[in-house]
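The structure appears below as structure tokens.
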Amino acid sequence: PRMTTPAEHPSRIGKYEIGKFLGGGMSRVYLAKDSVLGREVALKILVDAAGADAKKRFLEEARLASSIAHENIIAVYDFGEDQGRPFLVMELLEGESLRDAIRGGRTGDTARKLRIGLQVARAIGHIHSKKILHRDIKPENVNVDAVGRAKLMDFGIAQLEGAGAAGDGSTKGTPFYMSPEQVRGEAVTTQTDI
């Protein structure tokens with residue numbers, strides 16, 4: 001069944017016509033159409049109640065993610081703010097999360113599994129070459145399509161290397177995938193992603 005756009009979001013953000021709701025929490029992802037180029041995209045919008053800190057982090061994610069171009073990393077096409085709502089426009093990926101592919105037994109034979117792993121390693125190597133730390137590498141943040149092409153996604157808590165720890169005792173990441181230094185709220189390095 002087709003889901004509709006929740007009432008709190010407009011039917012349009014800038015040049016993007018918002019379609020079906022795809023999922024999300026503090027930020028919501030929609031299928032959208034670029035009315036100028038005519039292509040379908042994924043449009044991520046921060047919810048209104050998120051607050052100033054969340055808005056700042058969202059725009060930082062957009063700036064960081066838009067600076068990355070690699071065949072195994074989700075492409076960010078655009079970002080900005082419309083009527084006070086920050087938004088991020090990304091390529092619309094086919095396929096499923098690596099988590100769902102593993103659970104469904106759709107990762108293929110050993111050779112295909114190794115190809116997926118190599119693609120993720122290349123994506124991580126690329127962001128590290130740009131001094132970017134993802135900080136949330138997990139199967140849910142990797143998309144795999146029907147031919148086994150993997151793409152790293154979700155740079156929501158990424159940071160530039162050397163930015164240091166949060167300093168407020170807070171930790172960011174997914175508990176089962178966090179490195180010891182993340183759990184302790186210490187500075188992270190490329191080893192955190194590896």
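In the structure tokens, the first chain shown is A, the next is B, and so on; residue numbers restart at 1 for each chain, and ligands run from 1 in the order shown.
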**Report entry** Shell of 10 Å around region 151-156 of chain A, only C-alpha atoms, local chain residues under 5 positions omitted, as an NGL selection string
**Finding:** :A and (57-62 or 64-66 or 70-75 or 90 or 93 or 97-98 or 116 or 119-124 or 132-145 or 172-173)
Take the selection from the previous step and output its residues with N, CA and C atoms, as a tab-separated table (two decimals), in the first residue's frame.
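Contents of the output file part_29.tsv:
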chain	number	residue	atom	x	y	z
A	57	ARG	N	23.84	19.55	13.66
A	57	ARG	CA	24.44	18.27	13.31
A	57	ARG	C	23.97	17.78	11.95
A	58	PHE	N	22.68	17.97	11.65
A	58	PHE	CA	22.11	17.56	10.37
A	58	PHE	C	22.80	18.29	9.22
A	59	LEU	N	22.98	19.59	9.35
A	59	LEU	CA	23.63	20.36	8.29
A	59	LEU	C	25.12	20.01	8.19
A	60	GLU	N	25.76	19.68	9.32
A	60	GLU	CA	27.15	19.22	9.29
A	60	GLU	C	27.26	17.90	8.54
A	61	GLU	N	26.29	16.98	8.80
A	61	GLU	CA	26.26	15.70	8.07
A	61	GLU	C	26.13	15.96	6.58
A	62	ALA	N	25.24	16.88	6.21
A	62	ALA	CA	25.01	17.19	4.80
A	62	ALA	C	26.28	17.72	4.14
A	64	LEU	N	29.43	17.32	5.12
A	64	LEU	CA	30.45	16.27	5.10
A	64	LEU	C	30.14	15.24	4.02
A	65	ALA	N	28.91	14.74	4.01
A	65	ALA	CA	28.51	13.70	3.05
A	65	ALA	C	28.56	14.21	1.62
A	66	SER	N	28.26	15.47	1.41
A	66	SER	CA	28.26	16.00	0.04
A	66	SER	C	29.67	16.18	-0.51
A	70	HIS	N	32.30	8.50	-4.31
A	70	HIS	CA	32.92	7.18	-4.45
A	70	HIS	C	31.84	6.21	-4.88
A	71	GLU	N	32.18	5.23	-5.71
A	71	GLU	CA	31.19	4.28	-6.22
A	71	GLU	C	30.56	3.42	-5.13
A	72	ASN	N	31.19	3.31	-3.97
A	72	ASN	CA	30.63	2.48	-2.89
A	72	ASN	C	30.13	3.31	-1.72
A	73	ILE	N	29.81	4.57	-1.99
A	73	ILE	CA	29.25	5.47	-0.98
A	73	ILE	C	28.04	6.16	-1.59
A	74	ILE	N	26.96	6.23	-0.84
A	74	ILE	CA	25.75	6.88	-1.33
A	74	ILE	C	26.08	8.31	-1.77
A	75	ALA	N	25.56	8.69	-2.92
A	75	ALA	CA	25.83	10.03	-3.45
A	75	ALA	C	24.85	11.04	-2.85
A	90	MET	N	19.67	12.69	-1.64
A	90	MET	CA	20.61	11.62	-1.93
A	90	MET	C	20.11	10.77	-3.09
A	93	LEU	N	18.55	4.50	-3.64
A	93	LEU	CA	19.20	3.20	-3.79
A	93	LEU	C	18.18	2.08	-3.97
A	97	SER	N	19.27	-3.30	3.08
A	97	SER	CA	20.42	-3.17	3.97
A	97	SER	C	21.17	-4.50	4.02
A	98	LEU	N	22.45	-4.42	4.31
A	98	LEU	CA	23.24	-5.63	4.46
A	98	LEU	C	22.67	-6.49	5.59
A	116	ILE	N	31.42	-8.03	-1.39
A	116	ILE	CA	30.70	-7.03	-0.58
A	116	ILE	C	31.64	-6.45	0.47
A	119	GLN	N	34.12	-4.06	-1.06
A	119	GLN	CA	33.52	-2.77	-1.43
A	119	GLN	C	33.36	-1.87	-0.20
A	120	VAL	N	32.92	-2.46	0.91
A	120	VAL	CA	32.77	-1.68	2.15
A	120	VAL	C	34.15	-1.19	2.60
A	121	ALA	N	35.16	-2.05	2.52
A	121	ALA	CA	36.52	-1.66	2.91
A	121	ALA	C	37.02	-0.52	2.02
A	122	ARG	N	36.72	-0.57	0.72
A	122	ARG	CA	37.13	0.52	-0.19
A	122	ARG	C	36.44	1.83	0.19
A	123	ALA	N	35.16	1.75	0.54
A	123	ALA	CA	34.42	2.94	0.95
A	123	ALA	C	35.04	3.54	2.22
A	124	ILE	N	35.34	2.69	3.18
A	124	ILE	CA	35.95	3.16	4.43
A	124	ILE	C	37.34	3.74	4.14
A	132	ILE	N	37.88	11.63	7.13
A	132	ILE	CA	36.52	11.54	7.66
A	132	ILE	C	36.37	10.22	8.40
A	133	LEU	N	35.81	10.27	9.60
A	133	LEU	CA	35.51	9.08	10.40
A	133	LEU	C	34.00	8.88	10.37
A	134	HIS	N	33.55	7.69	9.99
A	134	HIS	CA	32.12	7.41	9.91
A	134	HIS	C	31.51	7.26	11.30
A	135	ARG	N	32.13	6.48	12.16
A	135	ARG	CA	31.76	6.24	13.56
A	135	ARG	C	30.51	5.40	13.76
A	136	ASP	N	29.90	4.89	12.69
A	136	ASP	CA	28.70	4.06	12.86
A	136	ASP	C	28.65	2.98	11.77
A	137	ILE	N	29.78	2.29	11.57
A	137	ILE	CA	29.84	1.21	10.58
A	137	ILE	C	29.07	0.02	11.14
A	138	LYS	N	28.03	-0.40	10.43
A	138	LYS	CA	27.21	-1.55	10.83
A	138	LYS	C	26.42	-2.01	9.62
A	139	PRO	N	25.91	-3.24	9.65
A	139	PRO	CA	25.19	-3.76	8.48
A	139	PRO	C	23.98	-2.91	8.05
A	140	GLU	N	23.34	-2.22	8.98
A	140	GLU	CA	22.19	-1.38	8.63
A	140	GLU	C	22.61	-0.17	7.80
A	141	ASN	N	23.88	0.21	7.87
A	141	ASN	CA	24.37	1.39	7.15
A	141	ASN	C	25.10	1.03	5.86
A	142	VAL	N	24.87	-0.18	5.38
A	142	VAL	CA	25.40	-0.61	4.08
A	142	VAL	C	24.21	-1.11	3.26
A	143	ASN	N	24.07	-0.59	2.05
A	143	ASN	CA	23.02	-1.03	1.15
A	143	ASN	C	23.64	-1.98	0.13
A	144	VAL	N	22.93	-3.07	-0.16
A	144	VAL	CA	23.39	-4.04	-1.16
A	144	VAL	C	22.27	-4.22	-2.18
A	145	ASP	N	22.62	-4.08	-3.47
A	145	ASP	CA	21.59	-4.26	-4.49
A	145	ASP	C	21.60	-5.69	-5.02
A	172	LYS	N	28.32	8.64	20.96
A	172	LYS	CA	27.51	8.55	19.76
A	172	LYS	C	27.89	7.28	19.02
A	173	GLY	N	26.89	6.56	18.58
A	173	GLY	CA	27.12	5.32	17.86
A	173	GLY	C	26.04	4.31	18.21
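By only C-alpha atoms, and with residues fewer than 5 positions from Gly24 (chain A) along its chain excluded, the set lying at most 10 Å from it is Val29, Tyr30, Lys44, Ile45, Leu46 and Val47 of chain A.
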Using only C-alpha atoms, please write the residues we just selected to a file, as a PDB file, in the first residue's frame.
ATOM      1  CA  VAL A  29      13.256   9.983   4.407  1.00  0.00           C
ATOM      2  CA  TYR A  30      10.890  10.314   1.458  1.00  0.00           C
ATOM      3  CA  LYS A  44      15.843  13.400   4.115  1.00  0.00           C
ATOM      4  CA  ILE A  45      14.139  16.079   6.219  1.00  0.00           C
ATOM      5  CA  LEU A  46      14.863  16.872   9.863  1.00  0.00           C
ATOM      6  CA  VAL A  47      11.661  16.845  11.940  1.00  0.00           C
TER       7      VAL A  47
END
Requested in this report: Would you mind writing down, as a VMD selection string, each residue of region 3-190 of chain A that DSSP on the backbone assigns to strand (DSSP E or B)?
Outcome: chain A and resid 12 to 13 16 to 24 27 to 34 40 to 46 73 76 to 82 85 to 91 96 to 97 132 to 133 142 to 144 150 to 152 159 to 160
Requested in this report: If you run DSSP over the backbone, which residues in region 38-152 of chain A end up helix (DSSP H, G or I)? Put them as number ranges by chain.
Outcome: A: 48-50, 52-66, 98-103, 110-129, 139-141
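CA of His128 (chain A) is found 17.2 Å from CA of Gln182 (chain A).
Residues with any atom within 12 Å of Gly38 (chain A), counting only C-alpha atoms and excluding same-chain neighbours fewer than 3 positions away, are Lys15, Tyr16, Glu17, Ala32, Lys33, Asp34, Ser35 and Val41 of chain A.
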Query raised in the report: Taking into account only C-alpha atoms, which residue in the set A:Ile157, A:Ala146, A:Arg12, A:Ala42 is nearest to Arg106 (chain A)?
Result: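 Closest to Arg106 (chain A), using only C-alpha atoms: A:Ala146.
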Query raised in the report: For the atom pair CA of Phe79 (chain A) and CA of Ser67 (chain A), what is the interatomic distance in Å to one decimal place?
Result: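 If I compute the distance from CA of Phe79 (chain A) to CA of Ser67 (chain A), I get 11.5 Å.
Among the candidates A:Glu91, A:Leu160, A:Phe176, A:Asp100, the residue lying nearest to Arg39 (chain A) is A:Glu91 (atoms considered: only C-alpha atoms).
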